[in-house]
$ cat final_18.txt   # compact mmCIF, C-alpha atoms and all ligand atoms
# COMPACT_ATOMS: atom_id res chain seq x y z
CA MET A 1051 113.13 37.89 80.21
CA ALA A 1052 110.40 36.45 78.02
CA ASP A 1053 109.76 32.70 77.74
CA ASP A 1054 109.90 31.04 74.28
CA LEU A 1055 109.82 34.40 72.48
CA GLY A 1056 111.17 33.88 68.97
CA TYR A 1057 113.63 36.04 67.01
CA GLY A 1058 110.87 37.50 64.81
CA ASP A 1059 108.18 37.88 67.47
CA ILE A 1060 108.44 41.60 68.21
CA GLY A 1061 108.18 44.68 66.04
CA CYS A 1062 111.80 45.79 66.11
CA TYR A 1063 112.86 42.25 65.07
CA GLY A 1064 110.57 42.24 62.07
CA SER A 1065 107.14 41.09 63.23
CA GLN A 1066 104.45 42.62 61.03
CA THR A 1067 101.55 41.34 63.11
CA ILE A 1068 102.58 41.60 66.76
CA HIS A 1069 102.75 45.20 67.95
CA THR A 1070 105.33 45.98 70.62
CA PRO A 1071 105.70 49.77 70.75
CA ASN A 1072 107.35 49.78 74.19
CA LEU A 1073 110.06 47.25 73.32
CA ASP A 1074 110.56 48.98 69.96
CA ARG A 1075 111.07 52.29 71.79
CA LEU A 1076 113.64 50.70 74.13
CA ALA A 1077 115.51 49.44 71.04
CA SER A 1078 115.39 52.83 69.32
CA GLU A 1079 116.51 54.63 72.47
CA GLY A 1080 119.08 51.97 73.36
CA MET A 1081 120.94 48.99 71.91
CA LYS A 1082 119.54 46.17 69.83
CA PHE A 1083 121.49 42.89 69.70
CA ASN A 1084 121.50 41.10 66.35
CA ASP A 1085 123.50 38.13 67.60
CA TYR A 1086 122.33 37.43 71.16
CA HIS A 1087 121.74 33.78 72.11
CA SER A 1088 120.20 31.84 74.92
CA ASN A 1089 122.61 29.33 76.43
CA GLY A 1090 120.01 26.62 76.11
CA ALA A 1091 117.41 25.82 73.48
CA VAL A 1092 114.90 25.23 76.30
CA CYS A 1093 113.99 26.84 79.63
CA SER A 1094 115.87 25.37 82.63
CA PRO A 1095 119.33 25.16 81.02
CA THR A 1096 119.23 28.83 79.95
CA ARG A 1097 118.09 29.87 83.43
CA ALA A 1098 120.88 27.82 85.04
CA ALA A 1099 123.47 29.52 82.82
CA LEU A 1100 121.98 32.98 83.30
CA ILE A 1101 121.93 32.76 87.07
CA THR A 1102 125.39 31.11 87.48
CA GLY A 1103 127.33 32.72 84.62
CA LYS A 1104 128.48 29.23 83.61
CA TYR A 1105 127.60 26.73 80.94
CA GLN A 1106 124.58 24.82 82.19
CA GLN A 1107 126.50 21.58 81.61
CA ARG A 1108 129.00 22.66 84.25
CA VAL A 1109 126.26 23.06 86.87
CA GLY A 1110 124.49 19.84 85.88
CA ILE A 1111 121.28 21.31 84.41
CA GLU A 1112 121.37 20.28 80.79
CA GLY A 1113 117.70 19.36 80.45
CA VAL A 1114 114.27 20.69 81.39
CA ILE A 1115 113.30 20.23 85.05
CA THR A 1116 109.94 18.74 84.15
CA ALA A 1117 106.87 18.98 86.34
CA ALA A 1118 106.13 15.30 85.80
CA HIS A 1119 109.51 13.66 86.45
CA HIS A 1120 111.92 15.97 88.23
CA ARG A 1121 110.14 17.27 91.30
CA ASN A 1122 113.04 16.55 93.64
CA VAL A 1123 116.04 18.08 91.88
CA GLY A 1124 117.26 21.65 91.60
CA LEU A 1125 120.22 23.94 91.05
CA ASP A 1126 122.92 23.09 93.59
CA LEU A 1127 122.75 25.59 96.47
CA LYS A 1128 126.56 25.71 96.47
CA GLU A 1129 126.58 27.53 93.14
CA ILE A 1130 127.23 31.25 93.48
CA THR A 1131 124.38 33.00 91.71
CA MET A 1132 124.16 36.41 90.08
CA ALA A 1133 121.78 37.44 92.87
CA GLU A 1134 124.22 36.36 95.59
CA ALA A 1135 127.07 38.24 93.94
CA LEU A 1136 124.97 41.40 93.53
CA LYS A 1137 123.74 41.15 97.11
CA LYS A 1138 127.36 41.01 98.22
CA ALA A 1139 127.96 44.16 96.15
CA GLY A 1140 125.28 45.97 98.15
CA TYR A 1141 122.21 45.42 95.99
CA ILE A 1142 118.72 44.56 97.19
CA THR A 1143 117.61 41.63 95.04
CA GLY A 1144 114.09 40.74 93.94
CA MET A 1145 112.74 38.11 91.60
CA PHE A 1146 109.16 37.99 90.33
CA GLY A 1147 108.35 35.32 87.79
CA LYS A 1148 109.39 31.89 86.58
CA TRP A 1149 112.20 30.10 88.43
CA HIS A 1150 112.33 26.61 86.86
CA LEU A 1151 115.46 25.65 88.77
CA GLY A 1152 113.90 23.28 91.30
CA TYR A 1153 110.44 22.57 92.73
CA PRO A 1154 111.12 21.86 96.44
CA GLU A 1155 111.15 24.74 98.89
CA LYS A 1156 114.85 24.12 99.62
CA TYR A 1157 115.68 25.25 96.05
CA ASN A 1158 113.55 28.41 96.27
CA PRO A 1159 115.13 31.63 94.87
CA VAL A 1160 115.34 33.10 98.39
CA HIS A 1161 117.98 30.42 99.09
CA GLN A 1162 119.91 31.51 96.01
CA GLY A 1163 120.45 35.18 96.79
CA PHE A 1164 117.05 36.79 96.24
CA ASP A 1165 115.74 38.89 99.13
CA GLU A 1166 112.22 38.56 97.74
CA PHE A 1167 110.47 36.12 95.46
CA ARG A 1168 106.96 36.00 94.08
CA GLY A 1169 105.95 33.80 91.20
CA TYR A 1170 106.20 30.15 90.27
CA VAL A 1171 108.79 27.40 90.15
CA ALA A 1172 107.37 25.23 87.33
CA GLY A 1173 107.97 25.57 83.60
CA ASN A 1174 104.47 26.88 83.04
CA ILE A 1175 101.28 27.58 84.96
CA ASP A 1176 97.71 28.55 84.21
CA TYR A 1177 97.91 32.35 83.88
CA PHE A 1178 94.93 32.78 86.23
CA SER A 1179 94.64 29.79 88.57
CA HIS A 1180 98.46 29.53 88.86
CA ILE A 1181 98.39 25.74 88.71
CA ASP A 1182 101.08 23.80 86.87
CA GLN A 1183 100.46 21.12 84.27
CA GLU A 1184 100.70 18.34 86.83
CA GLY A 1185 97.91 19.92 88.88
CA TYR A 1186 100.06 21.50 91.61
CA PHE A 1187 99.22 24.99 92.84
CA ASP A 1188 102.34 27.08 92.16
CA TRP A 1189 102.29 30.73 93.27
CA TRP A 1190 104.78 31.59 95.95
CA LYS A 1191 105.50 34.44 98.31
CA ASN A 1192 109.08 33.58 99.21
CA THR A 1193 108.94 30.02 100.58
CA VAL A 1194 105.19 29.93 101.22
CA LEU A 1195 102.47 29.06 98.72
CA GLU A 1196 100.16 32.07 98.63
CA ASP A 1197 97.78 33.00 95.83
CA ASP A 1198 97.11 36.41 94.41
CA LYS A 1199 94.21 36.95 92.04
CA GLY A 1200 95.01 38.02 88.53
CA TYR A 1201 96.69 37.43 85.18
CA SER A 1202 100.27 36.40 85.91
CA THR A 1203 101.89 38.89 83.48
CA ASP A 1204 100.11 41.78 85.21
CA LEU A 1205 100.74 40.45 88.73
CA LEU A 1206 104.47 40.04 88.14
CA THR A 1207 104.62 43.56 86.70
CA ASN A 1208 102.80 44.93 89.76
CA TYR A 1209 105.30 43.20 92.05
CA GLY A 1210 108.17 44.62 90.00
CA ILE A 1211 106.81 48.17 90.16
CA ASP A 1212 106.18 47.86 93.90
CA PHE A 1213 109.76 46.61 94.35
CA ILE A 1214 111.13 49.55 92.31
CA ASN A 1215 109.13 52.04 94.37
CA ARG A 1216 110.24 50.56 97.68
CA HIS A 1217 113.90 50.42 96.69
CA LYS A 1218 114.32 53.41 94.37
CA ASN A 1219 116.70 55.13 96.78
CA GLU A 1220 119.18 52.26 97.02
CA PRO A 1221 120.95 49.90 94.61
CA PHE A 1222 118.61 47.14 93.48
CA PHE A 1223 118.57 44.17 91.12
CA LEU A 1224 115.17 43.20 89.73
CA TYR A 1225 114.85 39.90 87.83
CA LEU A 1226 111.48 39.68 86.05
CA PRO A 1227 111.14 36.45 84.06
CA TYR A 1228 107.68 36.49 82.42
CA GLU A 1229 105.82 33.38 81.23
CA VAL A 1230 104.93 35.01 77.90
CA PRO A 1231 104.44 33.57 75.29
CA HIS A 1232 104.85 30.04 76.71
CA TYR A 1233 101.72 27.82 76.68
CA PRO A 1234 99.03 27.59 78.04
CA TYR A 1235 97.74 30.13 75.53
CA GLN A 1236 95.66 32.55 77.59
CA GLY A 1237 95.02 36.20 76.98
CA ARG A 1238 93.87 38.60 79.65
CA HIS A 1239 90.23 37.62 79.21
CA ILE A 1240 90.41 33.85 78.89
CA LYS A 1241 89.16 32.07 81.98
CA PRO A 1242 91.31 29.74 84.08
CA PHE A 1243 91.02 26.07 83.13
CA ARG A 1244 93.54 24.19 85.26
CA LYS A 1245 92.44 22.87 88.63
CA VAL A 1246 94.44 21.59 91.59
CA GLY A 1247 95.11 17.88 91.30
CA VAL A 1248 94.12 17.72 87.63
CA LYS A 1249 96.79 17.10 85.04
CA ALA A 1250 96.24 19.31 82.01
CA ALA A 1251 98.87 20.35 79.54
CA HIS A 1252 96.89 22.62 77.27
CA ASN A 1253 93.82 24.78 77.26
CA LYS A 1254 91.23 22.56 75.59
CA THR A 1255 88.52 25.20 75.83
CA ILE A 1256 89.92 27.26 72.98
CA GLN A 1257 89.96 26.52 69.26
CA GLU A 1258 93.38 25.75 67.74
CA ASP A 1259 92.92 28.42 65.08
CA SER A 1260 92.40 31.12 67.70
CA ILE A 1261 95.84 30.46 69.23
CA PRO A 1262 97.88 32.78 66.96
CA GLY A 1263 95.61 35.66 67.99
CA ILE A 1264 95.99 34.80 71.67
CA TYR A 1265 99.76 34.42 71.22
CA LYS A 1266 99.84 37.94 69.76
CA GLU A 1267 97.77 39.32 72.64
CA MET A 1268 100.01 37.68 75.26
CA ILE A 1269 103.11 39.39 73.80
CA GLU A 1270 101.30 42.71 73.41
CA VAL A 1271 100.20 42.57 77.07
CA MET A 1272 103.79 41.88 78.12
CA ASP A 1273 104.92 44.83 76.01
CA GLU A 1274 102.30 47.05 77.67
CA ASP A 1275 103.51 45.87 81.09
CA ILE A 1276 107.15 46.52 80.19
CA GLY A 1277 105.98 50.05 79.35
CA ARG A 1278 104.59 50.29 82.90
CA ILE A 1279 107.96 49.20 84.34
CA ILE A 1280 109.75 51.88 82.32
CA ARG A 1281 107.25 54.51 83.47
CA ALA A 1282 107.85 53.45 87.08
CA LEU A 1283 111.60 54.01 86.61
CA LYS A 1284 110.98 57.43 85.03
CA ASN A 1285 108.50 58.44 87.73
CA ALA A 1286 111.06 57.45 90.37
CA HIS A 1287 113.66 59.60 88.49
CA ILE A 1288 116.09 56.70 88.29
CA SER A 1289 115.93 55.79 84.58
CA GLU A 1290 119.36 57.35 83.96
CA ASN A 1291 120.79 55.32 86.81
CA THR A 1292 119.27 51.99 85.80
CA LEU A 1293 120.27 49.48 83.13
CA VAL A 1294 117.31 47.62 81.66
CA PHE A 1295 118.05 44.43 79.73
CA PHE A 1296 115.40 42.46 77.86
CA CYS A 1297 115.86 39.02 76.27
CA SER A 1298 114.22 35.65 75.65
CA ASP A 1299 115.19 32.29 77.18
CA ASN A 1300 115.06 30.28 73.91
CA GLY A 1301 113.56 30.42 70.45
CA GLY A 1302 109.90 30.21 69.47
CA VAL A 1303 108.00 26.91 69.32
CA LYS A 1304 107.17 25.14 66.09
CA LYS A 1305 103.42 24.79 66.35
CA TYR A 1306 101.93 28.22 65.88
CA GLY A 1307 103.42 30.38 63.15
CA LYS A 1308 106.81 31.48 61.92
CA HIS A 1309 108.13 33.18 65.01
CA ASN A 1310 111.82 32.72 64.34
CA LYS A 1311 111.93 34.21 60.85
CA PRO A 1312 114.38 34.43 59.08
CA LEU A 1313 116.08 31.76 61.15
CA ARG A 1314 115.88 28.01 60.68
CA GLY A 1315 114.55 25.78 63.45
CA TRP A 1316 112.64 26.02 66.69
CA LYS A 1317 112.83 25.77 70.45
CA ALA A 1318 114.76 22.64 71.48
CA GLN A 1319 116.82 22.65 68.25
CA LEU A 1320 120.36 23.90 67.80
CA TYR A 1321 119.70 25.69 64.54
CA GLU A 1322 119.68 29.44 65.11
CA GLY A 1323 115.89 29.48 65.59
CA GLY A 1324 116.35 27.50 68.80
CA HIS A 1325 118.69 29.92 70.50
CA ARG A 1326 119.25 33.20 68.63
CA VAL A 1327 116.66 35.44 70.30
CA PRO A 1328 115.80 39.13 70.73
CA ALA A 1329 117.79 41.19 73.23
CA ILE A 1330 117.63 44.91 73.97
CA ALA A 1331 119.58 47.07 76.42
CA TRP A 1332 118.35 50.47 77.54
CA TRP A 1333 120.15 52.97 79.72
CA PRO A 1334 119.42 56.62 78.85
CA GLY A 1335 122.54 58.76 78.91
CA LYS A 1336 124.85 55.73 78.99
CA ILE A 1337 123.90 53.63 75.97
CA PRO A 1338 123.66 55.85 72.87
CA ALA A 1339 120.22 55.79 71.26
CA GLY A 1340 119.82 53.62 68.20
CA THR A 1341 122.97 51.54 68.74
CA ARG A 1342 123.08 48.15 67.00
CA THR A 1343 125.60 45.45 67.78
CA ASP A 1344 126.65 42.31 65.91
CA GLU A 1345 128.70 41.03 68.87
CA THR A 1346 127.86 37.47 69.89
CA ILE A 1347 126.51 37.46 73.44
CA LEU A 1348 125.10 34.57 75.50
CA SER A 1349 122.85 34.42 78.58
CA MET A 1350 125.84 33.46 80.75
CA ASP A 1351 127.52 36.80 79.91
CA ILE A 1352 124.89 38.81 81.78
CA PHE A 1353 126.11 37.84 85.28
CA PRO A 1354 129.71 39.10 84.85
CA THR A 1355 128.43 42.18 82.97
CA LEU A 1356 126.17 43.26 85.83
CA ILE A 1357 128.88 42.63 88.42
CA ASN A 1358 131.29 44.62 86.28
CA ILE A 1359 128.83 47.52 85.98
CA ALA A 1360 128.36 47.37 89.77
CA GLY A 1361 132.08 48.10 90.01
CA ARG A 1362 133.09 44.66 91.21
CA THR A 1363 135.16 41.81 89.83
CA PRO A 1364 133.13 38.76 88.80
CA PRO A 1365 133.79 35.58 90.80
CA GLU A 1366 136.38 33.17 89.39
CA GLY A 1367 135.39 30.23 87.26
CA LEU A 1368 132.65 31.84 85.18
CA ASP A 1369 132.30 30.92 81.52
CA GLY A 1370 130.52 34.17 80.71
CA ILE A 1371 132.45 37.33 79.82
CA SER A 1372 131.40 40.88 80.63
CA PHE A 1373 130.01 42.85 77.68
CA LYS A 1374 130.08 46.17 79.52
CA ASN A 1375 132.27 47.70 76.81
CA VAL A 1376 129.78 46.57 74.16
CA LEU A 1377 127.00 48.35 76.05
CA LEU A 1378 128.80 51.55 76.88
CA GLN A 1379 131.31 51.96 74.02
CA ASN A 1380 129.71 49.79 71.33
CA GLY A 1381 132.95 47.81 71.72
CA ASN A 1382 133.92 44.28 70.74
CA MET A 1383 134.01 40.98 72.56
CA PRO A 1384 137.26 38.99 72.63
CA ASP A 1385 137.58 36.13 70.12
CA ARG A 1386 136.08 33.03 71.61
CA SER A 1387 134.37 29.78 70.74
CA LEU A 1388 130.83 29.28 72.03
CA PHE A 1389 129.06 25.99 72.59
CA TRP A 1390 125.59 24.47 72.83
CA ARG A 1391 124.52 20.92 73.59
CA PHE A 1392 121.04 19.48 73.99
CA HIS A 1393 120.02 15.84 73.75
CA HIS A 1394 122.07 14.24 70.97
CA VAL A 1395 122.94 17.50 69.20
CA LYS A 1396 125.88 19.80 69.83
CA ALA A 1397 127.13 22.95 68.20
CA ILE A 1398 130.11 25.29 68.20
CA ARG A 1399 130.21 28.86 66.99
CA HIS A 1400 133.51 30.49 66.10
CA GLY A 1401 133.40 33.83 64.32
CA ASP A 1402 130.92 33.51 61.45
CA TRP A 1403 131.20 29.72 61.40
CA LYS A 1404 128.88 27.28 63.08
CA LEU A 1405 129.32 23.53 63.21
CA ILE A 1406 126.39 21.32 64.24
CA ILE A 1407 126.84 17.63 65.00
CA GLN A 1408 123.86 15.36 65.41
CA GLU A 1409 124.80 12.05 66.94
CA THR A 1410 122.91 9.07 65.64
CA LYS A 1411 123.00 5.59 67.11
CA THR A 1412 122.77 3.73 63.84
CA ALA A 1413 124.35 5.79 61.09
CA GLN A 1414 127.30 8.18 60.93
CA ASN A 1415 126.93 11.47 62.76
CA LYS A 1416 125.26 14.18 60.71
CA ILE A 1417 127.68 17.08 60.36
CA GLU A 1418 126.65 20.54 59.18
CA LEU A 1419 128.81 23.62 58.70
CA TYR A 1420 127.31 27.04 57.99
CA ASN A 1421 128.72 30.50 57.45
CA LEU A 1422 126.19 32.63 59.32
CA LYS A 1423 127.39 35.88 57.75
CA ASP A 1424 126.42 34.67 54.26
CA ASP A 1425 123.79 32.17 55.28
CA LEU A 1426 121.90 33.18 58.42
CA SER A 1427 119.10 30.74 57.59
CA GLU A 1428 121.52 27.75 57.65
CA ILE A 1429 120.60 26.38 54.25
CA ASN A 1430 123.97 25.81 52.57
CA ASN A 1431 125.91 23.05 54.37
CA LEU A 1432 129.61 23.55 53.64
CA ALA A 1433 130.93 20.61 55.69
CA ASP A 1434 132.14 18.64 52.67
CA LYS A 1435 133.92 21.68 51.20
CA LYS A 1436 135.72 22.81 54.35
CA THR A 1437 136.98 19.59 55.91
CA ASP A 1438 139.95 21.19 57.69
CA LEU A 1439 137.68 23.69 59.38
CA VAL A 1440 135.28 20.93 60.39
CA ILE A 1441 138.12 19.02 62.03
CA MET A 1442 139.39 22.11 63.85
CA LEU A 1443 135.93 23.01 65.20
CA GLN A 1444 135.20 19.40 66.11
CA GLU A 1445 138.37 19.25 68.19
CA LYS A 1446 137.41 22.40 70.08
CA LEU A 1447 133.95 20.96 70.69
CA ASN A 1448 135.36 17.67 72.00
CA LYS A 1449 137.70 19.54 74.33
CA TRP A 1450 134.83 21.67 75.66
CA GLU A 1451 132.65 18.62 76.26
CA LYS A 1452 135.39 16.93 78.30
CA GLU A 1453 135.91 20.09 80.32
CA VAL A 1454 132.33 21.01 81.24
CA THR A 1455 130.55 17.71 81.69
CA LYS A 1456 130.02 17.02 85.37
CA GLU A 1457 130.75 13.55 86.61
CA VAL A 1458 127.28 13.39 88.07
CA MET A 1459 124.69 15.33 86.14
CA ILE A 1460 121.71 16.58 88.14
CA LEU A 1461 119.66 16.52 85.01
CA SER A 1462 120.71 15.31 81.61
CA GLN A 1463 118.32 14.31 78.89
CA CA A 1501 111.46 28.82 77.49

$ encode --input "final_18.txt" --output "structure tokens" --more "lines below"
Ligand SMILES: [Ca+2]
Amino acid sequence: MADDLGYGDIGCYGSQTIHTPNLDRLASEGMKFNDYHSNGAVCSPTRAALITGKYQQRVGIEGVITAAHHRNVGLDLKEITMAEALKKAGYITGMFGKWHLGYPEKYNPVHQGFDEFRGYVAGNIDYFSHIDQEGYFDWWKNTVLEDDKGYSTDLLTNYGIDFINRHKNEPFFLYLPYEVPHYPYQGRHIKPFRKVGVKAAHNKTIQEDSIPGIYKEMIEVMDEDIGRIIRALKNAHISENTLVFFCSDNGGVKKYGKHNKPLRGWKAQLYEGGHRVPAIAWWPGKIPAGTRTDETILSMDIFPTLINIAGRTPPEGLDGISFKNVLLQNGNMPDRSLFWRFHHVKAIRHGDWKLIIQETKTAQNKIELYNLKDDLSEINNLADKKTDLVIMLQEKLNKWEKEVTKEVMILSQ
């Protein structure tokens, strides 16, 4: 999983400037999703939904677990995670990358079903010094802080390859959430700038106008490293027995470029640019080469899908639905309504229709209705023309909100 990678940020999704031959090859040899969405429009909520198979609202993580203000909260240990369920199904589980579901050691991934963890728990770190934006050193080996020298994208890839090689003869689940292309903007050859105990949000040593070039390099390095992962699977002769799934955790950020083209909006917004993101599935011999799907899939659907593929029944109470038949038969998902909520904005998707409601304290709520089939860029608001549909979707949204909102939120914003 990439971090803040926008819908138009890789070659097979239309980028003309960023070259991603390895991801493009996975898409041409496997399945490309046109309508895949992150559950959240920002990091922690998507990760909460991905790992629990439930709407993030239901598990109390609706906002970002920030380095500055939320150092004591985390995903409830009582939640059954994807890693715990796969472990129960006989899989060795490893995670190398960004957790962002709690800073304290008690919320560490090894307490949520992962046999091994290396990486960081904050939303972002210096790619070299591995220090978060509040000045805390943040590179873990399971529950112990332990540094390793190198560029984080390469280190995480090395850990992943090592994990594959050690476990190639048994069932394994590898979760590899990269930092790319989240800030701080650092390519392979930009020196570390964050120091322990020093708060620093951005790399002030680089010129603003050099950031698009660094952004491009960061994604191209990730692509190169994904190529190394694929080679490791092929060298271990397990590529035909391994499903590889690639996605992003939310849309691209506003500041540097037009990463979400042709979509409207950015990370943290509920226009498509905030949550419709690239996704690719690759499984030689199982997923026919060159398959494209228009089925609407969310992050929370991955948990039940993997359990399903492992030959087990997903635990009860998940919001996600298995898309195994989409992967293997290019099948269809059942009709369903899908929901997003962040800050004062909420949205429902039903078929081609999407309703967005922005709550305002002073004026009337702003209501927008789009037909995504005709208007993917969400330009033509049809709310005034389709009042019955607005009412119907609004009722579904209200019902969902009542159902999922926890009495005590761990983190709402
Ligand atoms: Ca993110």

$ residues_near_ligand --input "final_18.txt" --ligand "ligand CA 1501 (chain A)" --cutoff "8 Å" --atoms "all atoms listed in the file" --output "VMD selection string"
chain A and resid 1052 to 1055 1091 to 1094 1173 1232 1298 to 1301 1317

$ residues_around --input "final_18.txt" --residues "A:Ala1098" --least-positions-apart "4" --cutoff "8 Å" --atoms "only C-alpha atoms" --output "ChimeraX atom specification"
/A:1094,1102,1104-1106,1109,1111,1125,1151

$ residues_around --input "final_18.txt" --residues "A:Phe1164" --least-positions-apart "5" --cutoff "7 Å" --atoms "only C-alpha atoms" --output "compact mmCIF listing (two decimals) with C-alpha atoms, keeping the file's coordinate frame"
# COMPACT_ATOMS: atom_id res chain seq x y z
CA ALA A 1133 121.78 37.44 92.87
CA THR A 1143 117.61 41.63 95.04
CA GLY A 1144 114.09 40.74 93.94
CA MET A 1145 112.74 38.11 91.60
CA PRO A 1159 115.13 31.63 94.87

$ closest_atom_pairs --input "final_18.txt" --of "stretch 1331-1413 of chain A" --to "stretch 1285-1296 of chain A" --cutoff "6 Å" --atoms "only C-alpha atoms" --output "JSON lines"
{"residue": "A:Ala1331", "atom": "CA", "partner": "A:Phe1295", "partner_atom": "CA", "distance": 4.5}
{"residue": "A:Trp1332", "atom": "CA", "partner": "A:Val1294", "partner_atom": "CA", "distance": 5.1}
{"residue": "A:Trp1333", "atom": "CA", "partner": "A:Leu1293", "partner_atom": "CA", "distance": 4.9}
{"residue": "A:Pro1334", "atom": "CA", "partner": "A:Glu1290", "partner_atom": "CA", "distance": 5.2}

$ closest_residue --input "final_18.txt" --among "A:Lys1138, A:Arg1391, A:Lys1284, A:His1120" --to "A:Gly1090" --atoms "all atoms listed in the file"
A:Arg1391

$ residues_around --input "final_18.txt" --residues "A:Tyr1225" --least-positions-apart "4" --cutoff "12 Å" --atoms "all atoms listed in the file" --output "VMD selection string"
chain A and resid 1051 to 1052 1097 1100 to 1101 1132 to 1133 1136 1142 to 1149 1159 1163 to 1169 1206 to 1207 1209 to 1211 1213 to 1214 1293 to 1297 1352 to 1353 1356

$ atom_distance --input "final_18.txt" --atom1 "atom CA of A:Phe1178" --atom2 "atom CA of A:Ile1261"
17.2 Å

$ closest_residue --input "final_18.txt" --among "A:Gly1401, A:Pro1262, A:Gly1237, A:Gly1103" --to "A:Ala1135" --atoms "all atoms listed in the file"
A:Gly1103

$ closest_residue --input "final_18.txt" --among "A:Gln1162, A:Arg1326, A:Glu1258, A:Ile1279" --to "A:Leu1224" --atoms "all atoms listed in the file"
A:Ile1279

$ closest_residue --input "final_18.txt" --among "A:Gly1263, A:Gly1056, A:Gly1381, A:Gly1277" --to "A:Thr1343" --atoms "all atoms listed in the file"
A:Gly1381

$ closest_residue --input "final_18.txt" --among "A:Ser1179, A:Asn1421, A:Asn1382, A:Thr1067" --to "A:Lys1435" --atoms "only C-alpha atoms"
A:Asn1421

$ atom_distance --input "final_18.txt" --atom1 "atom CA of A:Lys1191" --atom2 "atom CA of A:Ala1360"
27.6 Å

$ closest_residue --input "final_18.txt" --among "A:Leu1443, A:Leu1076, A:Leu1348, A:Leu1195" --to "A:Ile1181" --atoms "all atoms listed in the file"
A:Leu1195

$ atom_distance --input "final_18.txt" --atom1 "atom CA of A:Gln1408" --atom2 "atom CA of A:Ile1460"
22.9 Å

$ residues_around --input "final_18.txt" --residues "stretch 1238-1252 of chain A" --least-positions-apart "3" --cutoff "10 Å" --atoms "all atoms listed in the file" --output "JSON list (two decimals) with C-alpha atoms, keeping the file's coordinate frame"
[["chain", "number", "residue", "atom", "x", "y", "z"],
["A", 1118, "ALA", "CA", 106.13, 15.30, 85.80],
["A", 1174, "ASN", "CA", 104.47, 26.88, 83.04],
["A", 1175, "ILE", "CA", 101.28, 27.58, 84.96],
["A", 1176, "ASP", "CA", 97.71, 28.55, 84.21],
["A", 1177, "TYR", "CA", 97.91, 32.35, 83.88],
["A", 1178, "PHE", "CA", 94.93, 32.78, 86.23],
["A", 1179, "SER", "CA", 94.64, 29.79, 88.57],
["A", 1180, "HIS", "CA", 98.46, 29.53, 88.86],
["A", 1181, "ILE", "CA", 98.39, 25.74, 88.71],
["A", 1182, "ASP", "CA", 101.08, 23.80, 86.87],
["A", 1183, "GLN", "CA", 100.46, 21.12, 84.27],
["A", 1184, "GLU", "CA", 100.70, 18.34, 86.83],
["A", 1185, "GLY", "CA", 97.91, 19.92, 88.88],
["A", 1186, "TYR", "CA", 100.06, 21.50, 91.61],
["A", 1187, "PHE", "CA", 99.22, 24.99, 92.84],
["A", 1188, "ASP", "CA", 102.34, 27.08, 92.16],
["A", 1200, "GLY", "CA", 95.01, 38.02, 88.53],
["A", 1201, "TYR", "CA", 96.69, 37.43, 85.18],
["A", 1202, "SER", "CA", 100.27, 36.40, 85.91],
["A", 1203, "THR", "CA", 101.89, 38.89, 83.48],
["A", 1204, "ASP", "CA", 100.11, 41.78, 85.21],
["A", 1233, "TYR", "CA", 101.72, 27.82, 76.68],
["A", 1234, "PRO", "CA", 99.03, 27.59, 78.04],
["A", 1235, "TYR", "CA", 97.74, 30.13, 75.53],
["A", 1255, "THR", "CA", 88.52, 25.20, 75.83],
["A", 1256, "ILE", "CA", 89.92, 27.26, 72.98],
["A", 1264, "ILE", "CA", 95.99, 34.80, 71.67],
["A", 1267, "GLU", "CA", 97.77, 39.32, 72.64],
["A", 1268, "MET", "CA", 100.01, 37.68, 75.26],
["A", 1271, "VAL", "CA", 100.20, 42.57, 77.07]]

$ residues_near_point --input "final_18.txt" --point "(132.4, 38.2, 74.4)" --cutoff "9 Å" --atoms "all atoms listed in the file" --output "PyMOL selection string"
chain A and resi 1345-1348+1351+1370-1373+1376+1382-1386

$ decode --input "final_18.txt" --residues "stretch 1346-1366 of chain A" --atoms "C-alpha atoms" --output "compact mmCIF listing (two decimals), in the first residue's frame"
# COMPACT_ATOMS: atom_id res chain seq x y z
CA THR A 1346 -16.74 -0.63 -6.55
CA ILE A 1347 -14.35 -1.96 -3.92
CA LEU A 1348 -13.26 -0.40 -0.60
CA SER A 1349 -10.26 -0.98 1.69
CA MET A 1350 -12.49 -2.81 4.19
CA ASP A 1351 -13.27 -5.47 1.54
CA ILE A 1352 -9.69 -6.75 1.50
CA PHE A 1353 -9.89 -8.51 4.90
CA PRO A 1354 -12.86 -10.77 4.03
CA THR A 1355 -11.43 -11.37 0.54
CA LEU A 1356 -8.12 -12.68 1.87
CA ILE A 1357 -9.86 -14.85 4.47
CA ASN A 1358 -12.13 -16.17 1.74
CA ILE A 1359 -9.16 -16.98 -0.52
CA ALA A 1360 -7.51 -18.72 2.45
CA GLY A 1361 -10.54 -21.03 2.45
CA ARG A 1362 -12.07 -19.70 5.64
CA THR A 1363 -15.24 -17.84 6.54
CA PRO A 1364 -14.68 -14.21 7.54
CA PRO A 1365 -15.56 -13.34 11.15
CA GLU A 1366 -19.07 -12.01 11.79
